[in-house]
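What follows is work_12.cif (mmCIF, C-alpha atoms).
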data_work
#
loop_
_atom_site.group_PDB
_atom_site.id
_atom_site.type_symbol
_atom_site.label_atom_id
_atom_site.label_comp_id
_atom_site.auth_asym_id
_atom_site.auth_seq_id
_atom_site.Cartn_x
_atom_site.Cartn_y
_atom_site.Cartn_z
ATOM 1 C CA MET Z 11 -1.902 -17.607 7.383
ATOM 2 C CA GLU Z 12 -4.928 -19.558 6.202
ATOM 3 C CA SER Z 13 -6.228 -20.058 9.754
ATOM 4 C CA TYR Z 14 -5.668 -16.368 10.554
ATOM 5 C CA ARG Z 15 -7.684 -15.358 7.487
ATOM 6 C CA LYS Z 16 -10.585 -17.604 8.462
ATOM 7 C CA THR Z 17 -10.469 -16.460 12.080
ATOM 8 C CA ALA Z 18 -10.474 -12.819 11.014
ATOM 9 C CA ALA Z 19 -13.415 -13.529 8.708
ATOM 10 C CA LEU Z 20 -15.325 -15.172 11.567
ATOM 11 C CA ALA Z 21 -14.604 -12.289 13.939
ATOM 12 C CA LEU Z 22 -15.654 -9.739 11.327
ATOM 13 C CA ALA Z 23 -18.835 -11.681 10.547
ATOM 14 C CA LEU Z 24 -19.793 -11.717 14.232
ATOM 15 C CA ARG Z 25 -19.080 -7.990 14.476
ATOM 16 C CA GLY Z 26 -21.179 -7.325 11.374
ATOM 17 C CA MET Z 27 -24.122 -9.368 12.677
ATOM 18 C CA LEU Z 28 -24.054 -7.590 16.029
ATOM 19 C CA PHE Z 29 -23.973 -4.188 14.313
ATOM 20 C CA LEU Z 30 -26.974 -5.276 12.237
ATOM 21 C CA ALA Z 31 -28.798 -6.250 15.452
ATOM 22 C CA PHE Z 32 -27.922 -2.902 17.050
ATOM 23 C CA GLY Z 33 -29.105 -1.093 13.929
ATOM 24 C CA ILE Z 34 -32.497 -2.779 14.083
ATOM 25 C CA LEU Z 35 -32.837 -2.070 17.813
ATOM 26 C CA SER Z 36 -31.718 1.526 17.417
ATOM 27 C CA ILE Z 37 -34.245 2.285 14.694
ATOM 28 C CA PHE Z 38 -37.085 1.332 17.054
ATOM 29 C CA ASN Z 39 -35.683 2.923 20.240
ATOM 30 C CA ALA Z 40 -37.601 5.928 21.513
ATOM 31 C CA SER Z 41 -34.908 7.116 23.912
ATOM 32 C CA ILE Z 42 -31.219 7.748 23.570
ATOM 33 C CA GLU Z 43 -30.573 5.996 26.902
ATOM 34 C CA SER Z 44 -31.921 2.701 25.596
ATOM 35 C CA ALA Z 45 -29.796 3.121 22.460
ATOM 36 C CA ILE Z 46 -26.750 3.712 24.703
ATOM 37 C CA LEU Z 47 -27.463 0.561 26.682
ATOM 38 C CA ASP Z 48 -27.989 -1.459 23.494
ATOM 39 C CA LEU Z 49 -24.687 -0.202 22.104
ATOM 40 C CA ALA Z 50 -22.942 -0.857 25.424
ATOM 41 C CA TRP Z 51 -24.156 -4.462 25.403
ATOM 42 C CA LEU Z 52 -23.027 -4.757 21.798
ATOM 43 C CA PHE Z 53 -19.501 -3.689 22.760
ATOM 44 C CA LEU Z 54 -19.480 -5.951 25.818
ATOM 45 C CA SER Z 55 -20.592 -8.908 23.675
ATOM 46 C CA LEU Z 56 -17.972 -8.130 21.039
ATOM 47 C CA GLY Z 57 -15.279 -7.741 23.675
ATOM 48 C CA LEU Z 58 -16.123 -11.096 25.219
ATOM 49 C CA ILE Z 59 -16.202 -12.802 21.811
ATOM 50 C CA TYR Z 60 -12.851 -11.310 20.801
ATOM 51 C CA LEU Z 61 -11.264 -12.264 24.132
ATOM 52 C CA LEU Z 62 -12.504 -15.841 23.829
ATOM 53 C CA LEU Z 63 -11.339 -16.107 20.211
ATOM 54 C CA SER Z 64 -7.927 -14.686 21.042
ATOM 55 C CA PHE Z 65 -7.395 -17.163 23.897
ATOM 56 C CA PHE Z 66 -8.740 -19.993 21.773
ATOM 57 C CA TYR Z 67 -6.275 -19.237 18.966
ATOM 58 C CA ARG Z 68 -3.281 -18.161 21.063
ATOM 59 C CA LYS Z 69 -1.400 -21.408 20.364
ATOM 60 C CA THR Z 70 -2.078 -21.489 16.632
ATOM 61 C CA LEU Z 71 -1.853 -17.820 15.616
ATOM 62 C CA LYS Z 72 1.080 -15.489 16.089
ATOM 63 C CA ALA Z 73 -1.166 -12.420 16.036
ATOM 64 C CA TRP Z 74 -3.605 -13.669 18.709
ATOM 65 C CA TRP Z 75 -2.826 -10.629 20.847
ATOM 66 C CA ILE Z 76 -4.543 -8.320 18.336
ATOM 67 C CA GLY Z 77 -7.888 -9.948 19.205
ATOM 68 C CA LEU Z 78 -7.018 -9.640 22.892
ATOM 69 C CA ILE Z 79 -6.359 -5.888 22.587
ATOM 70 C CA TRP Z 80 -9.470 -5.384 20.462
ATOM 71 C CA GLY Z 81 -11.564 -7.353 22.982
ATOM 72 C CA LEU Z 82 -10.246 -5.380 25.950
ATOM 73 C CA LEU Z 83 -10.933 -2.112 24.137
ATOM 74 C CA ASP Z 84 -14.504 -3.205 23.341
ATOM 75 C CA LEU Z 85 -15.036 -4.287 26.977
ATOM 76 C CA PHE Z 86 -13.729 -0.930 28.221
ATOM 77 C CA ILE Z 87 -16.004 1.038 25.871
ATOM 78 C CA GLY Z 88 -19.048 -1.074 26.756
ATOM 79 C CA GLY Z 89 -18.349 -0.873 30.488
ATOM 80 C CA TYR Z 90 -17.851 2.879 30.344
ATOM 81 C CA MET Z 91 -21.123 3.309 28.480
ATOM 82 C CA ILE Z 92 -23.094 1.205 30.976
ATOM 83 C CA PHE Z 93 -21.742 3.040 34.009
ATOM 84 C CA ASN Z 94 -21.903 6.506 32.387
ATOM 85 C CA VAL Z 95 -25.138 6.448 30.408
ATOM 86 C CA LEU Z 96 -25.824 10.170 30.824
ATOM 87 C CA GLU Z 97 -22.364 11.286 29.658
ATOM 88 C CA SER Z 98 -22.435 8.759 26.840
ATOM 89 C CA SER Z 99 -25.816 9.993 25.628
ATOM 90 C CA PHE Z 100 -24.459 13.523 25.190
ATOM 91 C CA ILE Z 101 -21.658 12.449 22.907
ATOM 92 C CA LEU Z 102 -23.041 9.333 21.179
ATOM 93 C CA SER Z 103 -24.525 11.011 18.124
ATOM 94 C CA GLN Z 104 -21.434 13.210 17.747
ATOM 95 C CA VAL Z 105 -19.065 10.245 17.988
ATOM 96 C CA MET Z 106 -21.188 8.186 15.596
ATOM 97 C CA GLY Z 107 -21.304 11.169 13.222
ATOM 98 C CA ILE Z 108 -17.534 11.655 13.296
ATOM 99 C CA PHE Z 109 -17.019 7.914 12.863
ATOM 100 C CA ALA Z 110 -19.448 7.817 9.911
ATOM 101 C CA LEU Z 111 -17.740 10.823 8.339
ATOM 102 C CA LEU Z 112 -14.249 9.328 8.725
ATOM 103 C CA MET Z 113 -15.428 5.938 7.445
ATOM 104 C CA GLY Z 114 -17.078 7.653 4.483
ATOM 105 C CA ILE Z 115 -13.883 9.507 3.612
ATOM 106 C CA SER Z 116 -11.731 6.376 3.934
ATOM 107 C CA ILE Z 117 -14.196 4.346 1.856
ATOM 108 C CA LEU Z 118 -14.167 7.132 -0.750
ATOM 109 C CA VAL Z 119 -10.376 6.908 -0.987
ATOM 110 C CA ALA Z 120 -10.594 3.102 -1.249
ATOM 111 C CA GLY Z 121 -13.275 3.453 -3.923
ATOM 112 C CA ILE Z 122 -11.005 5.622 -6.016
ATOM 113 C CA PHE Z 123 -8.280 2.970 -6.087
ATOM 114 C CA MET Z 124 -10.282 -0.291 -6.112
ATOM 115 C CA GLN Z 125 -11.700 -0.634 -9.607
ATOM 116 C CA PRO Z 126 -13.791 -3.821 -9.202
ATOM 117 C CA TYR Z 127 -15.715 -2.480 -6.180
ATOM 118 C CA ARG Z 128 -15.743 1.212 -7.137
ATOM 119 C CA ILE Z 129 -19.513 1.723 -7.484
ATOM 120 C CA LEU Z 130 -20.349 -0.110 -4.232
ATOM 121 C CA LEU Z 131 -17.676 1.778 -2.313
ATOM 122 C CA LEU Z 132 -18.663 5.169 -3.714
ATOM 123 C CA ILE Z 133 -22.333 4.604 -2.823
ATOM 124 C CA ASN Z 134 -21.340 3.450 0.667
ATOM 125 C CA SER Z 135 -19.078 6.476 1.011
ATOM 126 C CA THR Z 136 -21.798 8.917 -0.027
ATOM 127 C CA VAL Z 137 -24.292 7.443 2.430
ATOM 128 C CA SER Z 138 -21.721 7.372 5.262
ATOM 129 C CA ILE Z 139 -20.670 10.982 4.712
ATOM 130 C CA SER Z 140 -24.303 12.125 4.513
ATOM 131 C CA ILE Z 141 -25.266 10.340 7.733
ATOM 132 C CA GLY Z 142 -22.114 11.653 9.434
ATOM 133 C CA ILE Z 143 -22.940 15.245 8.509
ATOM 134 C CA ALA Z 144 -26.558 14.790 9.627
ATOM 135 C CA LEU Z 145 -25.480 13.403 13.015
ATOM 136 C CA ILE Z 146 -22.795 16.043 13.582
ATOM 137 C CA SER Z 147 -25.100 18.929 12.649
ATOM 138 C CA ASN Z 148 -27.100 18.110 15.806
ATOM 139 C CA LYS Z 149 -30.362 19.364 14.283
ATOM 140 C CA ALA Z 150 -32.067 15.980 14.498
ATOM 141 C CA THR Z 151 -34.464 15.005 17.265
ATOM 142 C CA ILE Z 152 -33.665 12.009 19.465
ATOM 143 C CA ILE Z 153 -35.913 9.746 17.395
ATOM 144 C CA GLN Z 154 -34.275 10.963 14.176
ATOM 145 C CA SER Z 155 -30.799 10.520 15.691
ATOM 146 C CA ASN Z 156 -31.647 6.985 16.778
ATOM 147 C CA PHE Z 157 -32.977 6.261 13.306
ATOM 148 C CA LEU Z 158 -29.836 7.662 11.647
ATOM 149 C CA MET Z 159 -27.550 5.734 14.027
ATOM 150 C CA GLY Z 160 -29.594 2.590 13.369
ATOM 151 C CA LEU Z 161 -29.474 3.122 9.633
ATOM 152 C CA TYR Z 162 -25.728 3.678 9.723
ATOM 153 C CA SER Z 163 -25.247 0.611 11.940
ATOM 154 C CA LEU Z 164 -27.214 -1.459 9.434
ATOM 155 C CA LEU Z 165 -25.054 -0.120 6.615
ATOM 156 C CA LEU Z 166 -21.856 -0.690 8.589
ATOM 157 C CA GLY Z 167 -22.936 -4.192 9.642
ATOM 158 C CA ALA Z 168 -23.733 -5.147 6.048
ATOM 159 C CA PHE Z 169 -20.409 -3.720 4.857
ATOM 160 C CA ILE Z 170 -18.497 -5.609 7.586
ATOM 161 C CA LEU Z 171 -20.285 -8.836 6.626
ATOM 162 C CA TYR Z 172 -19.316 -8.260 3.002
ATOM 163 C CA VAL Z 173 -15.671 -7.723 3.986
ATOM 164 C CA ALA Z 174 -15.825 -10.893 6.112
ATOM 165 C CA TYR Z 175 -17.128 -12.770 3.087
ATOM 166 C CA LEU Z 176 -14.289 -11.388 0.953
ATOM 167 C CA PHE Z 177 -11.750 -12.454 3.595
ATOM 168 C CA TYR Z 178 -13.248 -15.906 3.840
ATOM 169 C CA SER Z 179 -13.528 -16.510 0.104
ATOM 170 C CA TYR Z 180 -10.126 -15.032 -0.807
ATOM 171 C CA LYS Z 181 -7.901 -17.539 -2.542
ATOM 172 C CA LYS Z 182 -4.253 -16.687 -2.874
ATOM 173 C CA SER Z 183 -3.223 -17.123 -6.449
ATOM 174 C CA VAL Z 184 -0.053 -19.063 -6.949
ATOM 175 C CA ARG Z 185 2.004 -18.001 -9.930
ATOM 176 C CA ASN Z 186 4.582 -20.263 -11.423
ATOM 177 C CA GLU Z 187 7.736 -18.232 -11.855
ATOM 178 C CA PRO Z 188 10.015 -19.210 -14.738
ATOM 179 C CA GLN Z 189 13.231 -20.673 -13.488
#

Using structure tokens, write down the structure that the file contains.
Amino acid sequence: MESYRKTAALALALRGMLFLAFGILSIFNASIESAILDLAWLFLSLGLIYLLLSFFYRKTLKAWWIGLIWGLLDLFIGGYMIFNVLESSFILSQVMGIFALLMGISILVAGIFMQPYRILLLINSTVSISIGIALISNKATIIQSNFLMGLYSLLLGAFILYVAYLFYSYKKSVRNEPQ
């Protein structure tokens, strides 16, 4: 279980760093097509990393196949986006908006129940829901949409890195039960 926790933390940290990189690139992109290609390469990179990690850990982890499925899904999404840039550009801001909205709602629910992280989660939730609504409303220009997607990717990347840190630093407490 210890090796699975560290592997999951590593995979999440890589995912968070790549989302941070995409966020920075997206903020400075002038066209939606370049943002699509950046995101496609992000998914292809993530898919390759997850595939390599899953094969690397297949002998030591029972749940290695989860990384394999996740990697294949990321490769499929990235490949689809590269070969269908025009179709992807029509739906990217809508998909990112729906994703941000759903993440915001789920983080809000988590914030209600997780006392130690309540303030951080509620702030993250508010920002995610606001960006989701702004992207779904479709009133933003391409530059504004790229900026919002970049901003959300930066937020998501930072949040994923924080979760990776929590996974990595988690120590299971051992309680001595009276006999």

ask   = Residues at most 7 Å from Z:Ala50, counting all atoms listed in the file, excluding those fewer than 4 positions away in the same chain, as a VMD selection string?
value = chain Z and resid 46 54 88 to 89 91 to 92

query = Separation of atom CA of Z:Leu111 and atom CA of Z:Asn94, in Å?
reply =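 Interatomic distance here is 24.8 Å.
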
Of the listed residues Z:Ala21, Z:Leu58, Z:Ile117, Z:Met159, that which approaches Z:Leu83 most closely, counting all atoms listed in the file =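 The closest residue to Z:Leu83 is Z:Leu58.
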
message = I'd like to see the residues matched by the PyMOL selection byres ((chain Z and resi 164) around 9) on this file, and ideally I'd get them as JSON, numbers by chain.
response = {"Z": [26, 29, 30, 31, 32, 33, 34, 159, 160, 161, 162, 163, 165, 166, 167, 168, 169]}

key: Long-range neighbours of Z:Ala45 as an NGL selection string, 10 Å cut-off, only C-alpha atoms, 3 positions minimum in chain   = :Z and (32-33 or 35-42 or 48-51 or 95 or 99 or 102 or 156 or 159-160)

inquiry  = From the options Z:Tyr127, Z:Phe157, Z:Phe65, Z:Phe109, which residue's atoms come nearest to Z:Ile143, counting all atoms listed in the file?
reply    =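 Using all atoms listed in the file, Z:Ile143 sits closest to Z:Phe109.
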
inquiry  = Calculated over only C-alpha atoms, which of the candidates Z:Ile101, Z:Ala120, Z:Ala110, Z:Ala18 has the smallest distance to Z:Tyr67?
reply    =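 Ranking Z:Ile101, Z:Ala120, Z:Ala110, Z:Ala18 by distance to Z:Tyr67, first place goes to Z:Ala18.
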
message = Between Z:Glu43, Z:Leu82, Z:Ile139, Z:Leu158, which residue has the minimum interatomic distance to Z:Glu97, considering all atoms listed in the file?
response =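 Under the stated criterion, the closest residue is Z:Glu43.
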
request  = Would you translate the PyMOL selection byres ((chain Z and resi 74-78) around 12) into the concrete set of residues it matches in this file, as an MDAnalysis selection string?
outcome  = chainID Z and resid 13:14 17:18 20:22 56:73 79:85

key: Distance of atom CA of Z:Lys16 from atom CA of Z:Ile129, expressed in Å to one decimal place   =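 Computing it gives 26.6 Å between the two atoms.
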
Report as an mmCIF file with C-alpha atoms, in the frame of the given file the residues that result from applying the PyMOL selection byres ((chain Z and resi 174) around 6) to the structure here.
data_model
loop_
_atom_site.group_PDB
_atom_site.id
_atom_site.type_symbol
_atom_site.label_atom_id
_atom_site.label_comp_id
_atom_site.auth_asym_id
_atom_site.auth_seq_id
_atom_site.Cartn_x
_atom_site.Cartn_y
_atom_site.Cartn_z
ATOM 1 C CA ALA Z 19 -13.415 -13.529 8.708
ATOM 2 C CA LEU Z 22 -15.654 -9.739 11.327
ATOM 3 C CA ALA Z 23 -18.835 -11.681 10.547
ATOM 4 C CA LEU Z 171 -20.285 -8.836 6.626
ATOM 5 C CA TYR Z 172 -19.316 -8.260 3.002
ATOM 6 C CA VAL Z 173 -15.671 -7.723 3.986
ATOM 7 C CA TYR Z 175 -17.128 -12.770 3.087
ATOM 8 C CA LEU Z 176 -14.289 -11.388 0.953
ATOM 9 C CA PHE Z 177 -11.750 -12.454 3.595
#

message = Just the number, please: distance in Å from atom CA of Z:Phe53 to atom CA of Z:Ser140, one decimal.
response =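 Taking atom CA of Z:Phe53 and atom CA of Z:Ser140, their separation equals 24.6 Å.
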
task = For Z:Ser116, work out the shell of residues within 12 Å, counting all atoms listed in the file and skipping chain neighbours fewer than 6 positions away, then give it as a ChimeraX atom specification.
result = /Z:109-110,122-123,131-132,134-136,138-139
